[in-house]
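Next comes coords.tsv, with TSV, C-alpha atoms and all ligand atoms.
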chain	number	residue	atom	x	y	z
G	1	MET	CA	200.59	52.80	169.48
G	2	SER	CA	200.16	49.03	169.41
G	3	PRO	CA	201.02	47.25	166.16
G	4	LEU	CA	198.19	46.14	163.89
G	5	SER	CA	197.18	42.54	164.30
G	6	ALA	CA	198.88	40.11	161.93
G	7	SER	CA	195.58	39.35	160.19
G	8	LEU	CA	194.90	43.03	159.52
G	9	SER	CA	198.41	43.72	158.25
G	10	ALA	CA	198.18	40.66	156.02
G	11	LEU	CA	195.07	42.10	154.34
G	12	ILE	CA	197.05	44.82	152.60
G	13	GLY	CA	197.38	43.94	148.92
G	14	GLN	CA	194.56	41.42	149.00
G	15	PRO	CA	191.34	41.62	146.98
G	16	VAL	CA	188.31	43.19	148.68
G	17	GLN	CA	186.59	39.79	148.68
G	18	ASN	CA	189.03	38.73	151.40
G	19	ILE	CA	187.90	41.36	153.91
G	20	ASP	CA	186.07	39.51	156.65
G	21	THR	CA	182.62	40.78	157.61
G	22	PRO	CA	181.25	42.90	159.06
G	23	ALA	CA	183.93	45.51	158.35
G	24	LEU	CA	184.10	49.25	157.87
G	25	VAL	CA	185.58	49.96	154.45
G	26	VAL	CA	186.64	53.25	152.88
G	27	ASP	CA	186.58	53.61	149.12
G	28	LEU	CA	189.81	55.61	149.01
G	29	ASP	CA	189.31	56.77	145.42
G	30	ALA	CA	185.91	58.27	146.28
G	31	MET	CA	187.26	59.75	149.53
G	32	ASN	CA	190.18	61.38	147.72
G	33	ARG	CA	187.84	62.83	145.10
G	34	ASN	CA	185.72	64.29	147.93
G	35	LEU	CA	188.84	65.73	149.52
G	36	GLY	CA	189.97	67.27	146.23
G	37	ARG	CA	186.53	68.79	145.61
G	38	MET	CA	186.48	70.33	149.07
G	39	ALA	CA	190.01	71.72	148.74
G	40	GLU	CA	189.11	73.21	145.37
G	41	PHE	CA	185.87	74.68	146.74
G	42	ALA	CA	187.65	76.37	149.67
G	43	LYS	CA	190.36	77.70	147.36
G	44	LYS	CA	187.84	79.05	144.86
G	45	HIS	CA	186.08	80.98	147.62
G	46	GLY	CA	189.31	82.11	149.29
G	47	LEU	CA	188.28	80.49	152.58
G	48	ARG	CA	190.17	78.72	155.30
G	49	TRP	CA	189.18	75.15	155.63
G	50	ARG	CA	189.34	73.26	158.95
G	51	PRO	CA	187.55	69.91	158.58
G	52	HIS	CA	185.86	68.35	161.58
G	53	ALA	CA	187.84	65.28	162.61
G	54	LYS	CA	184.96	64.06	164.80
G	55	LEU	CA	183.99	62.23	161.60
G	56	HIS	CA	187.02	60.02	161.18
G	57	LYS	CA	188.93	60.35	164.49
G	58	SER	CA	192.02	59.35	162.54
G	59	VAL	CA	195.46	60.95	162.66
G	60	GLN	CA	196.23	59.53	159.22
G	61	LEU	CA	193.19	61.17	157.64
G	62	ALA	CA	193.76	64.44	159.51
G	63	LYS	CA	197.26	64.55	158.01
G	64	LEU	CA	195.84	63.85	154.57
G	65	GLN	CA	193.41	66.75	154.96
G	66	ILE	CA	196.17	69.12	156.05
G	67	ALA	CA	198.33	67.99	153.13
G	68	ALA	CA	195.36	68.83	150.87
G	69	GLY	CA	195.26	72.39	152.19
G	70	ALA	CA	193.30	72.36	155.45
G	71	VAL	CA	194.68	74.86	158.01
G	72	GLY	CA	194.24	72.32	160.78
G	73	ILE	CA	191.36	70.31	162.18
G	74	CYS	CA	188.39	70.71	164.48
G	75	VAL	CA	187.66	68.25	167.24
G	76	GLN	CA	184.81	68.11	169.71
G	77	LYS	CA	186.53	66.58	172.71
G	78	THR	CA	189.67	67.24	174.76
G	79	ALA	CA	190.60	63.56	174.45
G	80	GLU	CA	190.34	63.78	170.65
G	81	ALA	CA	192.65	66.79	170.71
G	82	GLU	CA	195.16	64.88	172.85
G	83	ILE	CA	195.17	61.96	170.45
G	84	MET	CA	195.67	64.24	167.47
G	85	VAL	CA	198.52	66.13	169.16
G	86	ALA	CA	200.17	62.82	170.10
G	87	GLY	CA	199.89	61.84	166.44
G	88	GLY	CA	201.63	65.00	165.23
G	89	ILE	CA	198.74	67.38	164.45
G	90	ASN	CA	199.41	70.71	166.08
G	91	ASN	CA	196.74	73.11	164.85
G	92	ILE	CA	193.51	72.12	166.53
G	93	TYR	CA	190.25	73.87	167.32
G	94	ILE	CA	188.10	72.30	170.04
G	95	SER	CA	184.79	73.60	168.67
G	96	ASN	CA	182.99	72.93	171.89
G	97	GLN	CA	182.61	74.05	175.51
G	98	VAL	CA	185.00	72.57	178.09
G	99	ILE	CA	184.11	73.28	181.70
G	100	ALA	CA	185.64	70.66	184.05
G	101	PRO	CA	188.85	72.02	185.63
G	102	GLY	CA	190.60	68.69	185.03
G	103	LYS	CA	189.81	68.84	181.32
G	104	LEU	CA	190.79	72.51	181.11
G	105	ALA	CA	194.16	71.63	182.64
G	106	ARG	CA	194.57	69.09	179.81
G	107	VAL	CA	193.60	71.70	177.22
G	108	ALA	CA	196.14	74.12	178.71
G	109	ALA	CA	198.78	71.37	178.68
G	110	LEU	CA	198.09	70.92	174.95
G	111	THR	CA	198.88	74.59	174.34
G	112	GLN	CA	202.25	73.93	175.99
G	113	ALA	CA	202.79	70.77	173.95
G	114	VAL	CA	202.22	72.41	170.55
G	115	ALA	CA	204.03	75.69	171.30
G	116	PRO	CA	207.53	74.42	170.40
G	117	LEU	CA	206.07	73.15	167.09
G	118	SER	CA	204.56	76.55	166.22
G	119	GLY	CA	201.16	74.95	166.72
G	120	GLN	CA	198.02	76.56	168.05
G	121	ILE	CA	195.09	75.34	170.11
G	122	ALA	CA	191.73	77.09	169.97
G	123	ILE	CA	188.51	76.54	171.89
G	124	ALA	CA	184.90	77.76	172.01
G	125	VAL	CA	183.22	79.39	175.02
G	126	ASP	CA	179.67	80.44	175.81
G	127	SER	CA	179.81	81.60	179.44
G	128	ILE	CA	181.69	84.04	181.64
G	129	GLU	CA	182.31	81.18	184.06
G	130	GLY	CA	183.80	79.13	181.20
G	131	VAL	CA	186.14	82.01	180.34
G	132	SER	CA	187.35	82.41	183.89
G	133	ARG	CA	187.92	78.66	184.34
G	134	LEU	CA	189.86	78.54	181.06
G	135	ALA	CA	191.94	81.57	182.09
G	136	GLN	CA	192.75	79.93	185.41
G	137	ALA	CA	193.86	76.69	183.76
G	138	MET	CA	196.01	78.60	181.27
G	139	THR	CA	197.65	80.64	184.02
G	140	GLU	CA	198.41	77.52	186.03
G	141	ALA	CA	199.89	75.82	182.96
G	142	ARG	CA	202.13	78.83	182.33
G	143	THR	CA	203.43	79.07	185.86
G	144	GLY	CA	202.98	75.81	187.75
G	145	GLY	CA	204.94	72.60	188.06
G	146	ALA	CA	207.71	71.61	185.73
G	147	ARG	CA	210.38	73.78	184.16
G	148	ASN	CA	210.40	74.96	180.55
G	149	LYS	CA	206.93	76.48	180.69
G	150	THR	CA	206.02	78.88	177.89
G	151	ALA	CA	203.67	81.84	178.09
G	152	THR	CA	201.24	80.20	175.70
G	153	VAL	CA	198.05	81.81	174.48
G	154	ILE	CA	194.88	79.96	173.54
G	155	ASP	CA	192.60	81.25	170.78
G	156	VAL	CA	189.06	81.63	172.05
G	157	PHE	CA	185.96	81.78	169.88
G	158	VAL	CA	182.71	83.08	171.33
G	159	GLU	CA	179.99	80.67	170.26
G	160	ILE	CA	176.69	82.26	169.32
G	161	ASP	CA	173.52	80.25	168.90
G	162	VAL	CA	172.49	80.88	165.32
G	163	GLY	CA	169.45	78.63	165.40
G	164	GLN	CA	170.43	75.18	166.60
G	165	GLY	CA	169.35	75.70	170.21
G	166	ARG	CA	172.38	73.82	171.55
G	167	CYS	CA	175.43	75.68	172.87
G	168	GLY	CA	176.17	79.35	172.28
G	169	VAL	CA	175.05	82.65	173.75
G	170	ALA	CA	172.37	84.73	172.11
G	171	PRO	CA	173.75	86.84	169.25
G	172	GLY	CA	174.34	90.46	170.25
G	173	GLU	CA	175.21	92.02	173.61
G	174	GLU	CA	175.79	88.76	175.49
G	175	ALA	CA	178.46	87.79	172.98
G	176	VAL	CA	180.07	91.24	173.28
G	177	ALA	CA	180.27	90.83	177.06
G	178	LEU	CA	182.04	87.51	176.59
G	179	ALA	CA	184.56	88.95	174.14
G	180	LEU	CA	185.32	91.79	176.58
G	181	GLU	CA	185.80	89.23	179.34
G	182	ILE	CA	188.21	87.18	177.20
G	183	ARG	CA	190.27	90.27	176.53
G	184	LYS	CA	190.93	90.73	180.26
G	185	HIS	CA	193.10	87.61	180.38
G	186	PRO	CA	196.62	87.68	178.90
G	187	ALA	CA	196.62	83.93	178.21
G	188	LEU	CA	193.42	84.15	176.15
G	189	ARG	CA	193.14	85.71	172.70
G	190	PHE	CA	189.71	86.57	171.32
G	191	ALA	CA	189.82	84.87	167.92
G	192	GLY	CA	186.32	85.51	166.59
G	193	LEU	CA	182.91	83.91	166.47
G	194	GLN	CA	181.77	80.33	166.19
G	195	ALA	CA	178.42	80.31	164.36
G	196	TYR	CA	177.59	76.70	163.53
G	197	HIS	CA	173.98	75.85	162.65
G	198	GLY	CA	173.72	72.11	163.16
G	199	LYS	CA	169.98	71.91	162.59
G	200	ALA	CA	170.22	73.54	159.18
G	201	GLN	CA	172.53	70.84	157.84
G	202	HIS	CA	169.80	68.28	157.40
G	203	LEU	CA	166.92	70.47	156.28
G	204	ARG	CA	166.01	68.73	153.06
G	205	GLY	CA	165.12	71.62	150.77
G	206	VAL	CA	167.61	74.15	149.40
G	207	GLN	CA	165.25	77.00	150.24
G	208	GLU	CA	164.83	75.94	153.86
G	209	ARG	CA	168.58	75.73	154.31
G	210	ASP	CA	169.00	79.04	152.55
G	211	GLU	CA	166.55	80.72	154.94
G	212	ALA	CA	168.17	79.18	158.03
G	213	ILE	CA	171.66	80.30	157.04
G	214	ALA	CA	170.40	83.77	156.07
G	215	GLU	CA	169.23	84.11	159.69
G	216	ALA	CA	172.58	82.83	160.95
G	217	VAL	CA	174.39	85.40	158.81
G	218	ASP	CA	172.17	88.18	160.18
G	219	ALA	CA	172.98	87.04	163.72
G	220	VAL	CA	176.69	87.14	162.95
G	221	LEU	CA	176.45	90.56	161.32
G	222	LEU	CA	174.58	92.01	164.29
G	223	THR	CA	177.10	90.60	166.75
G	224	ARG	CA	180.10	91.69	164.70
G	225	HIS	CA	178.67	95.18	164.37
G	226	LEU	CA	178.20	95.50	168.14
G	227	MET	CA	181.68	94.17	168.80
G	228	GLU	CA	183.28	96.53	166.33
G	229	ALA	CA	181.42	99.42	167.96
G	230	GLN	CA	183.30	98.50	171.15
G	231	GLY	CA	186.60	98.37	169.27
G	232	ILE	CA	186.70	94.57	169.25
G	233	LYS	CA	187.99	93.14	165.99
G	234	VAL	CA	186.28	89.95	164.87
G	235	ALA	CA	189.17	88.33	163.03
G	236	LEU	CA	187.33	85.18	161.95
G	237	VAL	CA	183.85	83.67	161.80
G	238	THR	CA	183.99	79.88	161.79
G	239	GLY	CA	181.25	77.30	161.30
G	240	THR	CA	179.24	75.29	158.76
G	241	GLY	CA	178.81	71.64	157.94
G	242	THR	CA	178.50	69.63	154.77
G	243	GLY	CA	174.80	70.45	154.32
G	244	THR	CA	175.11	74.22	154.13
G	245	LEU	CA	178.73	75.01	153.33
G	246	VAL	CA	177.90	76.62	149.99
G	247	LEU	CA	175.66	79.11	151.79
G	248	GLU	CA	178.15	80.19	154.44
G	249	ALA	CA	180.85	80.29	151.77
G	250	ALA	CA	178.75	82.65	149.64
G	251	SER	CA	177.83	84.87	152.62
G	252	GLY	CA	181.04	86.85	152.61
G	253	VAL	CA	180.88	86.69	156.40
G	254	TYR	CA	182.28	83.27	157.29
G	255	GLY	CA	186.03	82.89	156.89
G	256	GLU	CA	186.46	79.23	157.85
G	257	LEU	CA	184.60	76.05	156.91
G	258	GLN	CA	184.31	73.27	159.50
G	259	ALA	CA	182.50	70.66	157.38
G	260	GLY	CA	183.54	67.10	158.11
G	261	SER	CA	181.08	64.60	156.65
G	262	PHE	CA	181.88	65.48	153.03
G	263	MET	CA	184.81	63.03	153.23
G	264	PHE	CA	182.51	59.99	153.61
G	265	MET	CA	178.98	61.25	152.86
G	266	ASP	CA	176.35	59.31	154.73
G	267	ALA	CA	172.93	58.15	153.56
G	268	ASP	CA	171.24	60.93	155.49
G	269	TYR	CA	173.11	63.70	153.68
G	270	ALA	CA	172.29	62.06	150.36
G	271	GLN	CA	168.62	62.83	151.05
G	272	ASN	CA	169.23	66.59	151.00
G	273	GLU	CA	168.16	68.37	147.85
G	274	ARG	CA	171.51	69.28	146.31
G	275	HIS	CA	172.33	72.96	146.02
G	276	PRO	CA	173.57	73.60	142.45
G	277	ALA	CA	176.85	75.02	143.81
G	278	GLN	CA	177.45	72.10	146.18
G	279	PRO	CA	180.46	69.98	145.17
G	280	LYS	CA	179.37	66.48	144.18
G	281	PHE	CA	180.46	64.50	147.21
G	282	GLU	CA	180.22	60.71	146.87
G	283	HIS	CA	179.60	57.95	149.38
G	284	ALA	CA	183.00	56.70	150.48
G	285	LEU	CA	182.28	54.78	153.70
G	286	PHE	CA	180.66	51.37	153.66
G	287	VAL	CA	179.97	48.47	155.95
G	288	LYS	CA	180.81	45.27	154.15
G	289	THR	CA	178.46	42.51	155.20
G	290	GLN	CA	177.62	38.91	154.25
G	291	VAL	CA	174.30	37.14	153.84
G	292	ILE	CA	174.19	34.42	156.52
G	293	SER	CA	170.60	33.17	156.27
G	294	THR	CA	167.99	33.12	153.49
G	295	HIS	CA	164.21	32.64	153.49
G	296	ALA	CA	161.31	32.83	151.08
G	297	ASP	CA	160.68	36.54	151.64
G	298	HIS	CA	163.83	37.86	153.26
G	299	ALA	CA	167.53	37.36	153.80
G	300	VAL	CA	169.69	38.13	156.82
G	301	CYS	CA	173.12	39.75	156.84
G	302	ASP	CA	175.74	39.87	159.58
G	303	ALA	CA	175.76	43.65	160.17
G	304	GLY	CA	173.40	45.04	162.79
G	305	HIS	CA	173.55	48.18	164.83
G	306	LYS	CA	176.83	47.22	166.46
G	307	SER	CA	178.29	47.76	162.97
G	308	HIS	CA	176.60	51.03	162.09
G	309	ALA	CA	174.84	53.85	163.91
G	310	ILE	CA	171.09	54.10	163.47
G	311	ASP	CA	170.41	57.56	164.92
G	312	SER	CA	169.89	59.01	161.43
G	313	GLY	CA	168.10	56.01	160.01
G	314	LEU	CA	169.03	52.54	158.87
G	315	PRO	CA	171.70	52.02	156.24
G	316	LEU	CA	171.01	51.84	152.52
G	317	VAL	CA	172.08	48.76	150.61
G	318	TYR	CA	174.50	49.93	147.93
G	319	ALA	CA	173.31	48.91	144.48
G	320	PHE	CA	176.07	48.20	141.97
G	321	ASP	CA	174.69	49.34	138.61
G	322	ASN	CA	171.28	49.39	140.31
G	323	GLN	CA	171.15	45.59	140.07
G	324	SER	CA	170.44	44.43	143.58
G	325	VAL	CA	167.68	46.61	144.96
G	326	LEU	CA	167.20	45.70	148.57
G	327	ASP	CA	165.84	47.43	151.64
G	328	TYR	CA	167.52	47.01	155.00
G	329	PHE	CA	165.44	46.48	158.17
G	330	ASN	CA	166.54	46.37	161.77
G	331	GLY	CA	167.45	42.84	162.84
G	332	GLY	CA	169.06	43.84	166.14
G	333	ASP	CA	172.64	44.13	167.30
G	334	GLU	CA	174.26	41.66	164.95
G	335	HIS	CA	171.77	41.12	162.13
G	336	GLY	CA	170.21	43.06	159.32
G	337	ILE	CA	167.05	41.93	157.55
G	338	LEU	CA	166.94	42.39	153.81
G	339	ARG	CA	163.83	42.45	151.67
G	340	PRO	CA	163.36	43.27	148.00
G	341	ALA	CA	162.70	46.99	147.53
G	342	ALA	CA	159.52	48.16	145.78
G	343	GLY	CA	159.49	46.99	142.18
G	344	SER	CA	161.93	44.14	142.78
G	345	THR	CA	161.55	40.52	143.79
G	346	ARG	CA	165.21	39.62	143.99
G	347	LEU	CA	166.80	38.43	147.19
G	348	PRO	CA	170.52	37.81	147.68
G	349	LYS	CA	171.92	34.30	147.94
G	350	LEU	CA	173.51	32.72	150.97
G	351	GLY	CA	177.10	33.94	151.25
G	352	ASP	CA	176.59	36.99	149.03
G	353	LEU	CA	178.62	40.02	149.99
G	354	LEU	CA	176.82	43.35	150.26
G	355	TRP	CA	177.80	46.93	151.01
G	356	LEU	CA	175.82	49.17	153.34
G	357	ILE	CA	175.89	52.97	153.30
G	358	PRO	CA	175.57	54.09	156.94
G	359	GLY	CA	172.83	56.55	157.88
G	360	HIS	CA	175.33	58.62	159.89
G	361	CYS	CA	179.08	58.21	159.46
G	362	ASP	CA	180.51	59.83	162.63
G	363	PRO	CA	178.99	57.47	165.21
G	364	THR	CA	179.45	54.55	162.81
G	365	VAL	CA	183.20	55.14	162.68
G	366	ASN	CA	183.30	55.28	166.48
G	367	LEU	CA	182.05	51.66	166.58
G	368	HIS	CA	185.17	50.38	164.80
G	369	ASN	CA	188.86	50.11	165.64
G	370	VAL	CA	189.95	50.42	162.03
G	371	MET	CA	188.69	51.35	158.59
G	372	ILE	CA	189.94	49.27	155.69
G	373	GLY	CA	191.05	51.44	152.78
G	374	VAL	CA	190.35	50.05	149.33
G	375	THR	CA	191.33	51.33	145.89
G	376	ASP	CA	189.87	50.46	142.46
G	377	GLY	CA	186.32	49.95	143.65
G	378	LEU	CA	184.35	47.75	145.98
G	379	ARG	CA	183.82	44.96	143.47
G	380	HIS	CA	187.28	44.33	142.08
G	381	GLY	CA	189.44	46.53	144.29
G	382	THR	CA	192.42	45.87	146.50
G	383	VAL	CA	193.06	46.64	150.14
G	384	GLN	CA	195.55	49.47	150.19
G	385	SER	CA	195.73	50.54	153.82
G	386	ILE	CA	194.40	50.02	157.30
G	387	ILE	CA	193.27	53.32	158.81
G	388	ARG	CA	193.16	53.35	162.58
G	389	VAL	CA	190.27	55.06	164.34
G	390	ASP	CA	192.76	56.53	166.83
G	391	GLY	CA	190.11	58.49	168.71
G	392	ARG	CA	187.63	55.66	169.05
G	393	GLY	CA	185.91	56.08	172.40
G	394	ALA	CA	187.76	59.35	173.11
G	395	MET	CA	184.77	60.96	174.80
G	396	THR	CA	186.19	63.08	177.62
T	1	LIG	C1	180.62	72.39	165.68
T	1	LIG	C2	180.55	71.54	164.46
T	1	LIG	N1	181.19	71.95	163.35
T	1	LIG	C3	181.18	71.22	162.22
T	1	LIG	C4	180.52	70.02	162.16
T	1	LIG	C5	180.62	69.22	160.87
T	1	LIG	O1	179.46	69.00	160.24
T	1	LIG	P1	179.29	67.87	159.13
T	1	LIG	O2	179.93	66.62	159.64
T	1	LIG	O3	177.84	67.74	159.02
T	1	LIG	O4	179.97	68.35	157.91
T	1	LIG	C6	179.82	69.56	163.28
T	1	LIG	C7	179.05	68.31	163.22
T	1	LIG	O5	178.27	67.93	164.03
T	1	LIG	C8	179.84	70.34	164.46
T	1	LIG	O6	179.20	69.94	165.58
In structure tokens, what does this structure look like?
Ligand SMILES: Cc1ncc(COP(=O)(O)O)c(C=O)c1O
Amino acid sequence: MSPLSASLSALIGQPVQNIDTPALVVDLDAMNRNLGRMAEFAKKHGLRWRPHAKLHKSVQLAKLQIAAGAVGICVQKTAEAEIMVAGGINNIYISNQVIAPGKLARVAALTQAVAPLSGQIAIAVDSIEGVSRLAQAMTEARTGGARNKTATVIDVFVEIDVGQGRCGVAPGEEAVALALEIRKHPALRFAGLQAYHGKAQHLRGVQERDEAIAEAVDAVLLTRHLMEAQGIKVALVTGTGTGTLVLEAASGVYGELQAGSFMFMDADYAQNERHPAQPKFEHALFVKTQVISTHADHAVCDAGHKSHAIDSGLPLVYAFDNQSVLDYFNGGDEHGILRPAAGSTRLPKLGDLLWLIPGHCDPTVNLHNVMIGVTDGLRHGTVQSIIRVDGRGAMT
């Protein structure tokens, strides 16, 4: 890993005012409160907790989550898993389909890499072809090439489509057939079901989310019942995100929570009607930006959509004590246009520093090499650490 640049290292210990803009900043106090709330929630419900590291792509934060009680992490990509293993994380679930033989060879190599550390790699599948390709890669990794090969086993979750319409086989017989197929291969261990409902996460109303997850639970129950009738034990059902975790947790069916966004909480999630049982997660990720141009009816800041993702909407301008009420409009790659929000006439001054809450944290993080960790607040705080986005651009 290359050393941090001198200017980044020199920031540690300095006041937040000295962070150059635009910059991705983590309010570490808020993030740690979110982490504590999640750990407490999982403990209270007696559930395993495996946060999705696609959010932060950071070895440092993955270690923090494991120290707080997470059983390991989820990743979406083989390359993310490799980066995490290289950083010392050895319990990883690739909650996604991997099909290319070259990638599967890398996945199998990871099972070899974590075996001496008592680690475990897991993966999702949703096709017979995917199972046979995975089995082939695992067999080759066990027998081929270099010495010191171990007879490693990969945990395999059958993904069922519980309503998102993305990956996953239909709940029921198709999933049973996959589980039976997995059991034919000594290097594969059927570990349970992946039942993640991505679409339900951002349904705004509690009732809508409740109904969506009730259907997901029914789909899991049906599939589990059919599997058990064939003598297949479903050891674990894994899934859920920040938007619905209270519902899966209360279902008595899910055993593992994959939520990731709760660590940073984006502007989009803040629009969900809060379920009364939902832990109070706070915004902890911000883009610090500076006003570089002012006009009679608007101001311009130096953070555009190269600083934050816009797939889930434009960022919100954080209002300290509700004083500066501004709306953010798209100004292109490097600019944001600021206008007074309804009921306000105030515009910021040239040189003012502002904080944006990204619409969607995961792709925002992937735009940055580092996150700057701050304690004691965004106004008077101090830079405490530089958090590398180790998996930035790890797409394969
Ligand atoms: C398979 C899977 N699990 C869990 C998550 C985490 O969800 P969230 O970041 O909304 O908490 C995601 C997010 O897209 C996902 O794709």
**Nearby residues (all atoms listed in the file) at most 6 Å from Met265 (chain G), same-chain spacing under 3 positions excluded, as an MDAnalysis selection string** = chainID G and resid 261:262 283
**Request:** Give the residues close to ligand LIG 1 (chain T), within 6 Å, counting all atoms listed in the file; write them as JSON, numbers by chain.
**Result:** {"G": [52, 95, 196, 239, 240, 241, 242, 258, 259, 260, 261, 262]}
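As for CA of Ala309 (chain G) and CA of Ala39 (chain G), they are spaced 27.9 Å apart.
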**Request:** For Leu178 (chain G), work out the shell of residues within 8 Å, counting all atoms listed in the file and skipping chain neighbours fewer than 4 positions away, then give it as number ranges by chain.
**Result:** G: 126-128, 131, 158, 174, 182
**Fill in**
Here CA of Val25 (chain G) and CA of Leu378 (chain G) stand apart by 8.8 Å
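Every protein or nucleic acid residue with an atom no more than 8 Å from Thr375 (chain G), counting all atoms listed in the file and leaving out same-chain residues fewer than 3 positions away, appears here: Asp27, Leu28, Asp29, Leu378, Gly381, Thr382, Val383 and Gln384 of chain G.
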**Prompt:** Nearest to Thr244 (chain G) among G:Met263, G:Gly351, G:Gly198, G:Gln271, with distances taken over only C-alpha atoms: which residue is it?
**Reply:** G:Gly198
**Prompt:** Near Ala179 (chain G), within 9 Å and counting only C-alpha atoms, which residues show up once chain neighbours fewer than 6 positions away are dropped, as a count of residues only?
**Reply:** 7
**Prompt:** Got a sec: who's within 8 Å of region 82-86 of chain G, counting all atoms listed in the file, leaving out chain neighbours fewer than 6 positions off, as a VMD selection string?
**Reply:** chain G and resid 58 to 59 110 113 to 114 390 to 391
Show me, as a Markdown table, the residues of region 264-320 of chain G having an atom within 10 Å of region 20-23 of chain G, each with the closest atom pair and its distance in Å, using all atoms listed in the file.
| residue | atom | partner | partner_atom | distance |
| --- | --- | --- | --- | --- |
| G:Phe286 | CA | G:Ala23 | CA | 8.2 |
| G:Val287 | CA | G:Ala23 | CA | 5.5 |
| G:Lys288 | CA | G:Ala23 | CA | 5.2 |
| G:Thr289 | CA | G:Pro22 | CA | 4.8 |
| G:Gln290 | CA | G:Thr21 | CA | 6.3 |
| G:Val291 | CA | G:Thr21 | CA | 9.8 |
| G:Cys301 | CA | G:Pro22 | CA | 9.0 |
| G:Asp302 | CA | G:Pro22 | CA | 6.3 |
| G:Ala303 | CA | G:Pro22 | CA | 5.7 |
| G:Gly304 | CA | G:Pro22 | CA | 9.0 |
| G:Lys306 | CA | G:Pro22 | CA | 9.6 |
| G:Ser307 | CA | G:Pro22 | CA | 6.9 |
| G:His308 | CA | G:Pro22 | CA | 9.8 |
**Prompt:** Using all atoms listed in the file, which of G:Ala68, G:Val26, G:Ile292, G:Ala62 sits nearest Leu353 (chain G)?
**Reply:**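 Ranking G:Ala68, G:Val26, G:Ile292, G:Ala62 by distance to Leu353 (chain G), first place goes to G:Ile292.
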**Asked** Rounded to one decimal in Å, what is the spacing between CA of Glu208 (chain G) and CA of Val246 (chain G)?
**Response** 13.6 Å
**Item:** Which residue of G:Ser118, G:Ala175, G:Leu203, G:Ala267 approaches Leu222 (chain G) most closely, using only C-alpha atoms
**Value:** G:Ala175
**Option closest in space to Ser293 (chain G), from G:Val237, G:Asp352, G:Asp266, G:Lys184 [counting all atoms listed in the file]** =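 Answer, going by the shortest atom-to-atom distance: G:Asp352.
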**Message:** Here is a test: counting all atoms listed in the file, which residue of G:Leu188, G:Ala277, G:Leu257, G:Leu354 is nearest to Cys74 (chain G)?
**Reply:**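 Of G:Leu188, G:Ala277, G:Leu257, G:Leu354, the one nearest Cys74 (chain G) is G:Leu257, counting all atoms listed in the file.
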**Asked** Nearest to Asp362 (chain G) among G:Leu55, G:Thr345, G:Thr238, G:Glu40, with distances taken over all atoms listed in the file: which residue is it?
**Response** G:Leu55
